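Dropping target_18.cif in here (mmCIF, C-alpha atoms, pLDDT in the B column; chains and numbers go by the auth columns):
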```
data_input
#
loop_
_atom_site.group_PDB
_atom_site.id
_atom_site.type_symbol
_atom_site.label_atom_id
_atom_site.label_comp_id
_atom_site.label_asym_id
_atom_site.label_seq_id
_atom_site.Cartn_x
_atom_site.Cartn_y
_atom_site.Cartn_z
_atom_site.B_iso_or_equiv
_atom_site.auth_seq_id
_atom_site.auth_asym_id
ATOM 1 C CA MET A 1 -39.493 -25.953 73.883 36.00 3 D
ATOM 2 C CA ARG A 2 -36.050 -24.457 74.090 52.00 4 D
ATOM 3 C CA THR A 3 -34.676 -21.280 72.561 53.00 5 D
ATOM 4 C CA PRO A 4 -30.994 -21.158 71.618 58.00 6 D
ATOM 5 C CA LEU A 5 -29.285 -18.437 73.621 75.00 7 D
ATOM 6 C CA PHE A 6 -26.085 -18.343 71.549 84.00 8 D
ATOM 7 C CA PHE A 7 -24.714 -19.142 68.115 88.00 9 D
ATOM 8 C CA PRO A 8 -22.163 -21.968 68.148 89.00 10 D
ATOM 9 C CA PHE A 9 -18.571 -20.893 68.779 90.00 11 D
ATOM 10 C CA ARG A 10 -16.526 -21.047 65.552 88.00 12 D
ATOM 11 C CA TYR A 11 -13.105 -22.061 66.859 85.00 13 D
ATOM 12 C CA ASN A 12 -11.085 -21.765 63.642 83.00 14 D
ATOM 13 C CA VAL A 13 -12.653 -18.388 62.837 89.00 15 D
ATOM 14 C CA ALA A 14 -11.750 -17.213 66.352 90.00 16 D
ATOM 15 C CA ILE A 15 -8.126 -18.277 65.828 86.00 17 D
ATOM 16 C CA ASP A 16 -7.975 -16.423 62.510 87.00 18 D
ATOM 17 C CA PHE A 17 -9.601 -13.382 64.127 92.00 19 D
ATOM 18 C CA VAL A 18 -6.872 -13.279 66.783 91.00 20 D
ATOM 19 C CA ALA A 19 -4.115 -13.637 64.163 89.00 21 D
ATOM 20 C CA PHE A 20 -5.736 -10.860 62.093 91.00 22 D
ATOM 21 C CA ILE A 21 -5.872 -8.497 65.090 93.00 23 D
ATOM 22 C CA LEU A 22 -2.308 -9.321 66.147 91.00 24 D
ATOM 23 C CA THR A 23 -1.028 -8.696 62.613 90.00 25 D
ATOM 24 C CA ARG A 24 -2.617 -5.239 62.605 92.00 26 D
ATOM 25 C CA HIS A 25 -1.293 -4.312 66.065 92.00 27 D
ATOM 26 C CA GLY A 26 2.408 -5.063 66.040 90.00 28 D
ATOM 27 C CA GLY A 27 2.145 -8.774 66.781 90.00 29 D
ATOM 28 C CA GLN A 28 1.112 -8.580 70.442 90.00 30 D
ATOM 29 C CA LYS A 29 -2.043 -7.504 72.292 93.00 31 D
ATOM 30 C CA ARG A 30 -3.727 -8.014 75.659 93.00 32 D
ATOM 31 C CA ILE A 31 -6.034 -11.036 75.920 93.00 33 D
ATOM 32 C CA ASP A 32 -8.926 -9.062 77.400 92.00 34 D
ATOM 33 C CA GLU A 33 -8.701 -6.432 74.641 94.00 35 D
ATOM 34 C CA ILE A 34 -8.865 -9.148 71.968 95.00 36 D
ATOM 35 C CA ALA A 35 -11.872 -10.818 73.643 94.00 37 D
ATOM 36 C CA VAL A 36 -13.716 -7.476 73.813 95.00 38 D
ATOM 37 C CA LEU A 37 -12.873 -6.684 70.159 97.00 39 D
ATOM 38 C CA ALA A 38 -14.258 -10.108 69.202 97.00 40 D
ATOM 39 C CA TYR A 39 -17.509 -9.306 71.016 96.00 41 D
ATOM 40 C CA LEU A 40 -17.700 -5.915 69.289 97.00 42 D
ATOM 41 C CA CYS A 41 -17.250 -7.638 65.912 97.00 43 D
ATOM 42 C CA ASP A 42 -20.044 -10.091 66.657 96.00 44 D
ATOM 43 C CA ARG A 43 -22.303 -7.294 67.906 95.00 45 D
ATOM 44 C CA VAL A 44 -21.773 -5.308 64.690 97.00 46 D
ATOM 45 C CA ALA A 45 -22.149 -8.445 62.562 96.00 47 D
ATOM 46 C CA ILE A 46 -25.479 -9.323 64.209 95.00 48 D
ATOM 47 C CA ALA A 47 -26.653 -5.751 63.599 95.00 49 D
ATOM 48 C CA ARG A 48 -25.537 -5.774 59.936 96.00 50 D
ATOM 49 C CA LEU A 49 -25.699 -9.427 58.873 94.00 51 D
ATOM 50 C CA ASN A 50 -28.136 -10.973 61.405 92.00 52 D
ATOM 51 C CA LYS A 51 -25.437 -13.450 62.440 91.00 53 D
ATOM 52 C CA PRO A 52 -22.152 -13.303 64.327 93.00 54 D
ATOM 53 C CA ILE A 53 -18.679 -13.898 62.967 93.00 55 D
ATOM 54 C CA ILE A 54 -17.290 -15.926 65.888 94.00 56 D
ATOM 55 C CA GLY A 55 -20.304 -16.848 68.037 93.00 57 D
ATOM 56 C CA GLY A 56 -20.127 -18.401 71.477 92.00 58 D
ATOM 57 C CA HIS A 57 -21.210 -17.223 74.906 92.00 59 D
ATOM 58 C CA TYR A 58 -21.319 -13.458 75.369 92.00 60 D
ATOM 59 C CA VAL A 59 -20.652 -12.275 78.893 91.00 61 D
ATOM 60 C CA THR A 60 -20.055 -8.990 80.678 89.00 62 D
ATOM 61 C CA THR A 61 -17.075 -8.811 82.983 86.00 63 D
ATOM 62 C CA LEU A 62 -15.132 -6.029 84.657 82.00 64 D
ATOM 63 C CA ASP A 63 -12.965 -5.944 81.521 83.00 65 D
ATOM 64 C CA GLY A 64 -15.950 -5.390 79.232 86.00 66 D
ATOM 65 C CA PRO A 65 -18.350 -7.524 77.228 91.00 67 D
ATOM 66 C CA MET A 66 -16.526 -10.435 75.618 92.00 68 D
ATOM 67 C CA ILE A 67 -16.743 -13.879 74.091 94.00 69 D
ATOM 68 C CA SER A 68 -16.157 -16.296 76.958 92.00 70 D
ATOM 69 C CA GLU A 69 -14.723 -19.187 74.920 92.00 71 D
ATOM 70 C CA LEU A 70 -12.189 -16.967 73.176 93.00 72 D
ATOM 71 C CA TYR A 71 -10.998 -15.423 76.430 91.00 73 D
ATOM 72 C CA ASP A 72 -10.670 -18.871 78.035 90.00 74 D
ATOM 73 C CA ILE A 73 -8.671 -20.280 75.106 88.00 75 D
ATOM 74 C CA LEU A 74 -6.262 -17.341 75.097 90.00 76 D
ATOM 75 C CA ASP A 75 -5.950 -17.138 78.888 88.00 77 D
ATOM 76 C CA SER A 76 -5.272 -20.874 79.276 85.00 78 D
ATOM 77 C CA GLY A 77 -2.377 -20.691 76.827 76.00 79 D
ATOM 78 C CA ILE A 78 -3.541 -23.989 75.380 71.00 80 D
ATOM 79 C CA LEU A 79 -4.139 -23.547 71.706 66.00 81 D
ATOM 80 C CA ARG A 80 -4.818 -26.370 69.330 60.00 82 D
ATOM 81 C CA LEU A 81 -5.808 -25.849 65.736 54.00 83 D
ATOM 82 C CA ARG A 82 -8.744 -28.077 65.036 52.00 84 D
ATOM 83 C CA VAL A 83 -9.207 -30.352 62.053 44.00 85 D
ATOM 84 C CA PRO A 84 -8.310 -29.853 59.255 48.00 86 D
ATOM 85 C CA HIS A 85 -5.547 -27.694 60.723 50.00 87 D
ATOM 86 C CA GLY A 86 -4.553 -30.005 63.611 49.00 88 D
ATOM 87 C CA THR A 87 -1.009 -30.601 62.395 51.00 89 D
ATOM 88 C CA LEU A 88 -0.130 -26.915 62.101 55.00 90 D
ATOM 89 C CA GLU A 89 1.850 -24.998 64.674 63.00 91 D
ATOM 90 C CA PRO A 90 -0.303 -22.469 66.548 68.00 92 D
ATOM 91 C CA PRO A 91 0.014 -18.973 65.036 72.00 93 D
ATOM 92 C CA PHE A 92 0.431 -17.277 68.434 75.00 94 D
ATOM 93 C CA THR A 93 1.405 -17.964 72.007 77.00 95 D
ATOM 94 C CA LYS A 94 0.442 -16.614 75.432 78.00 96 D
ATOM 95 C CA GLN A 95 2.832 -14.252 77.214 81.00 97 D
ATOM 96 C CA GLU A 96 1.526 -13.214 80.652 85.00 98 D
ATOM 97 C CA ASN A 97 -1.658 -11.145 79.982 89.00 99 D
ATOM 98 C CA SER A 98 -1.201 -10.959 76.227 88.00 100 D
ATOM 99 C CA VAL A 99 -0.745 -13.115 73.166 89.00 101 D
ATOM 100 C CA LYS A 100 2.072 -12.792 70.666 88.00 102 D
ATOM 101 C CA LEU A 101 1.957 -13.642 66.974 85.00 103 D
ATOM 102 C CA ILE A 102 4.471 -16.324 66.001 83.00 104 D
ATOM 103 C CA ARG A 103 3.504 -16.760 62.377 75.00 105 D
ATOM 104 C CA GLN A 104 0.753 -15.777 60.018 73.00 106 D
ATOM 105 C CA PRO A 105 -1.845 -18.505 59.366 67.00 107 D
ATOM 106 C CA ASP A 106 -2.174 -19.370 55.667 62.00 108 D
ATOM 107 C CA ARG A 107 -5.952 -19.361 55.619 65.00 109 D
ATOM 108 C CA ASP A 108 -8.466 -16.720 54.663 71.00 110 D
ATOM 109 C CA ILE A 109 -11.490 -17.843 56.618 82.00 111 D
ATOM 110 C CA PHE A 110 -13.605 -14.653 56.635 89.00 112 D
ATOM 111 C CA THR A 111 -16.281 -14.033 54.048 90.00 113 D
ATOM 112 C CA ALA A 112 -16.161 -10.617 52.351 93.00 114 D
ATOM 113 C CA PRO A 113 -18.950 -9.164 54.578 95.00 115 D
ATOM 114 C CA GLU A 114 -17.270 -10.582 57.716 94.00 116 D
ATOM 115 C CA LEU A 115 -13.914 -9.087 56.704 93.00 117 D
ATOM 116 C CA THR A 116 -15.592 -5.700 56.265 96.00 118 D
ATOM 117 C CA VAL A 117 -17.040 -5.908 59.791 97.00 119 D
ATOM 118 C CA VAL A 118 -13.739 -7.029 61.349 96.00 120 D
ATOM 119 C CA THR A 119 -11.830 -4.273 59.540 96.00 121 D
ATOM 120 C CA ASP A 120 -14.389 -1.607 60.511 97.00 122 D
ATOM 121 C CA VAL A 121 -14.428 -2.638 64.183 97.00 123 D
ATOM 122 C CA ASP A 122 -10.646 -2.788 64.337 96.00 124 D
ATOM 123 C CA ALA A 123 -10.389 0.671 62.746 97.00 125 D
ATOM 124 C CA SER A 124 -12.855 2.075 65.295 97.00 126 D
ATOM 125 C CA PHE A 125 -11.739 0.273 68.466 96.00 127 D
ATOM 126 C CA GLY A 126 -8.457 -1.580 67.888 95.00 128 D
ATOM 127 C CA HIS A 127 -6.333 1.390 68.967 95.00 129 D
ATOM 128 C CA MET A 128 -8.096 1.688 72.346 94.00 130 D
ATOM 129 C CA ALA A 129 -6.383 0.555 75.532 91.00 131 D
ATOM 130 C CA LYS A 130 -8.181 -1.736 77.992 89.00 132 D
ATOM 131 C CA HIS A 131 -9.612 1.069 80.138 90.00 133 D
ATOM 132 C CA GLU A 132 -10.746 3.024 77.048 93.00 134 D
ATOM 133 C CA LEU A 133 -12.616 -0.014 75.718 91.00 135 D
ATOM 134 C CA GLU A 134 -14.246 -0.569 79.123 88.00 136 D
ATOM 135 C CA ASN A 135 -15.319 3.074 79.396 89.00 137 D
ATOM 136 C CA TRP A 136 -16.625 3.220 75.831 91.00 138 D
ATOM 137 C CA CYS A 137 -18.673 0.022 76.273 90.00 139 D
ATOM 138 C CA ALA A 138 -20.038 1.209 79.650 87.00 140 D
ATOM 139 C CA GLN A 139 -21.182 4.509 78.111 89.00 141 D
ATOM 140 C CA ASN A 140 -22.603 3.106 74.868 91.00 142 D
ATOM 141 C CA TYR A 141 -23.815 -0.456 75.395 89.00 143 D
ATOM 142 C CA PRO A 142 -26.752 -1.110 77.743 88.00 144 D
ATOM 143 C CA GLU A 143 -25.727 -4.758 78.114 85.00 145 D
ATOM 144 C CA PHE A 144 -22.509 -3.659 79.844 80.00 146 D
ATOM 145 C CA GLY A 145 -22.163 -1.629 82.987 63.00 147 D
ATOM 146 C CA GLY A 146 -22.565 -1.775 86.721 57.00 148 D
ATOM 147 C CA GLN A 147 -20.457 -4.920 87.161 55.00 149 D
ATOM 148 C CA THR A 148 -19.001 -5.683 90.554 53.00 150 D
ATOM 149 C CA ILE A 149 -15.749 -7.531 91.134 53.00 151 D
ATOM 150 C CA THR A 150 -17.362 -10.978 91.252 59.00 152 D
ATOM 151 C CA GLU A 151 -20.139 -10.585 88.697 67.00 153 D
ATOM 152 C CA ILE A 152 -20.166 -12.132 85.269 76.00 154 D
ATOM 153 C CA ALA A 153 -23.486 -11.711 83.488 83.00 155 D
ATOM 154 C CA THR A 154 -24.658 -13.533 80.393 86.00 156 D
ATOM 155 C CA ILE A 155 -25.741 -11.616 77.314 89.00 157 D
ATOM 156 C CA THR A 156 -28.267 -13.844 75.565 88.00 158 D
ATOM 157 C CA LEU A 157 -28.895 -13.739 71.844 88.00 159 D
ATOM 158 C CA PRO A 158 -32.558 -12.609 72.100 89.00 160 D
ATOM 159 C CA TRP A 159 -31.570 -9.828 74.506 89.00 161 D
ATOM 160 C CA LEU A 160 -28.704 -8.639 72.306 92.00 162 D
ATOM 161 C CA ALA A 161 -30.886 -8.723 69.184 92.00 163 D
ATOM 162 C CA ALA A 162 -33.543 -6.677 70.993 92.00 164 D
ATOM 163 C CA ILE A 163 -30.912 -4.156 72.161 93.00 165 D
ATOM 164 C CA LEU A 164 -29.779 -3.845 68.547 93.00 166 D
ATOM 165 C CA GLY A 165 -33.331 -2.856 67.575 94.00 167 D
ATOM 166 C CA LYS A 166 -34.266 -6.061 65.775 93.00 168 D
ATOM 167 C CA THR A 167 -37.978 -6.693 65.342 93.00 169 D
ATOM 168 C CA ASN A 168 -39.570 -9.823 66.805 92.00 170 D
ATOM 169 C CA ARG A 169 -39.691 -11.297 63.302 93.00 171 D
ATOM 170 C CA GLU A 170 -35.953 -10.621 62.831 93.00 172 D
ATOM 171 C CA ILE A 171 -35.212 -12.056 66.271 90.00 173 D
ATOM 172 C CA VAL A 172 -37.106 -15.236 65.398 89.00 174 D
ATOM 173 C CA GLN A 173 -35.102 -15.516 62.173 90.00 175 D
ATOM 174 C CA ILE A 174 -31.812 -14.999 64.029 89.00 176 D
ATOM 175 C CA MET A 175 -32.833 -17.571 66.632 88.00 177 D
ATOM 176 C CA ARG A 176 -33.697 -20.083 63.910 86.00 178 D
ATOM 177 C CA MET A 177 -30.267 -19.617 62.348 85.00 179 D
ATOM 178 C CA ALA A 178 -28.680 -20.153 65.773 85.00 180 D
ATOM 179 C CA ALA A 179 -30.751 -23.302 66.299 81.00 181 D
ATOM 180 C CA GLU A 180 -29.786 -24.664 62.883 80.00 182 D
ATOM 181 C CA GLY A 181 -26.123 -24.087 63.626 71.00 183 D
ATOM 182 C CA SER A 182 -26.118 -25.551 67.110 64.00 184 D
ATOM 183 C CA ALA A 183 -26.643 -28.878 68.762 46.00 185 D
ATOM 184 C CA LEU A 184 -29.716 -27.584 70.592 41.00 186 D
ATOM 185 C CA GLU A 185 -32.879 -29.402 69.674 36.00 187 D
ATOM 186 C CA GLY A 186 -36.466 -28.352 69.883 38.00 188 D
ATOM 187 C CA LEU A 187 -38.636 -25.635 68.529 39.00 189 D
ATOM 188 C CA LEU A 188 -38.306 -21.949 69.173 38.00 190 D
ATOM 189 C CA ASP A 189 -40.496 -20.667 71.958 40.00 191 D
ATOM 190 C CA GLU A 190 -41.535 -17.277 70.616 40.00 192 D
ATOM 191 C CA SER A 191 -43.143 -16.367 73.944 40.00 193 D
ATOM 192 C CA GLN A 192 -39.604 -15.940 75.387 42.00 194 D
ATOM 193 C CA LEU A 193 -38.821 -13.077 73.020 39.00 195 D
ATOM 194 C CA ILE A 194 -38.280 -9.628 74.410 41.00 196 D
ATOM 195 C CA PRO A 195 -41.152 -7.371 73.274 37.00 197 D
#
```

Take the structure in the file and write it out as structure tokens.
Amino acid sequence: MRTPLFFPFRYNVAIDFVAFILTRHGGQKRIDEIAVLAYLCDRVAIARLNKPIIGGHYVTTLDGPMISELYDILDSGILRLRVPHGTLEPPFTKQENSVKLIRQPDRDIFTAPELTVVTDVDASFGHMAKHELENWCAQNYPEFGGQTITEIATITLPWLAAILGKTNREIVQIMRMAAEGSALEGLLDESQLIP
């Protein structure tokens, strides 16, 4: 039996998240800051809504905890809007260590509760520079800290849910939702839960 360790990555939501953040911060922001803000949004969403906004693989790096897929997409500079938006021009472009908004996407992809989370996280953390985000996460999040130059550690969904104070019953429910939304097959192995 396998337990899903992550929710599926929601590519189009991630693209809209980046455009939303860029719009609120003068049209340009560092890639690592955006990836950390995305993680913070998912962390708050799991705490409040029992599900993430963006999903994907959560990792800790020297730059802070982040969503791996989002960082990779932004850092590669290769951005394609997926169906049904494949014919649209990308809303932003990579410029060295940051991304710059080219145009506003014409989609509102967030649900009302997701928009509240994104807005709250941006209001609390969006103004922080890279080193401020790193320091804040190191002081306040047990899943981040003590990284060396070469380490990248995975933050699994059961571990994050346990850190957030979810009960075993809530963790099982979150894991079921992750399994339903992913390509992983098999039943949940409740013995793998963190007590």

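Among the candidates D:Leu135, D:Met177, D:Leu72, D:Val61, the residue lying nearest to D:Val15 is D:Leu72 (atoms considered: only C-alpha atoms).
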
Using all atoms listed in the file, find the one residue out of D:Leu24, D:Ala163, D:Met68, D:Ile56 that sits nearest to D:Phe9.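 Nearest candidate to D:Phe9 out of D:Leu24, D:Ala163, D:Met68, D:Ile56: D:Ile56.
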
Residues at most 12 Å from D:Phe8, counting all atoms listed in the file, excluding those fewer than 6 positions away in the same chain, as an NGL selection string? :D and (44 or 48 or 53-54 or 56-61 or 69-71 or 156-163 or 176-186)

Residues picked by the PyMOL selection byres ((chain D and resi 32) around 12) here, as a PyMOL selection string? chain D and resi 20+23-24+27-31+33-39+65+73+76-77+95-103+128-133+135

Atom-to-atom span, atom CA of D:Arg45 and atom CA of D:Ala140, Å: 14.7 Å

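Considering only C-alpha atoms, the residue among D:Leu7, D:Ala49, D:Val123, D:Ile17 positioned nearest to D:Ile165 is D:Ala49.
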
Interatomic distance between atom CA of D:Ala21 and atom CA of D:Pro93?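 Atom-to-atom, atom CA of D:Ala21 and atom CA of D:Pro93 are spaced 6.8 Å apart.
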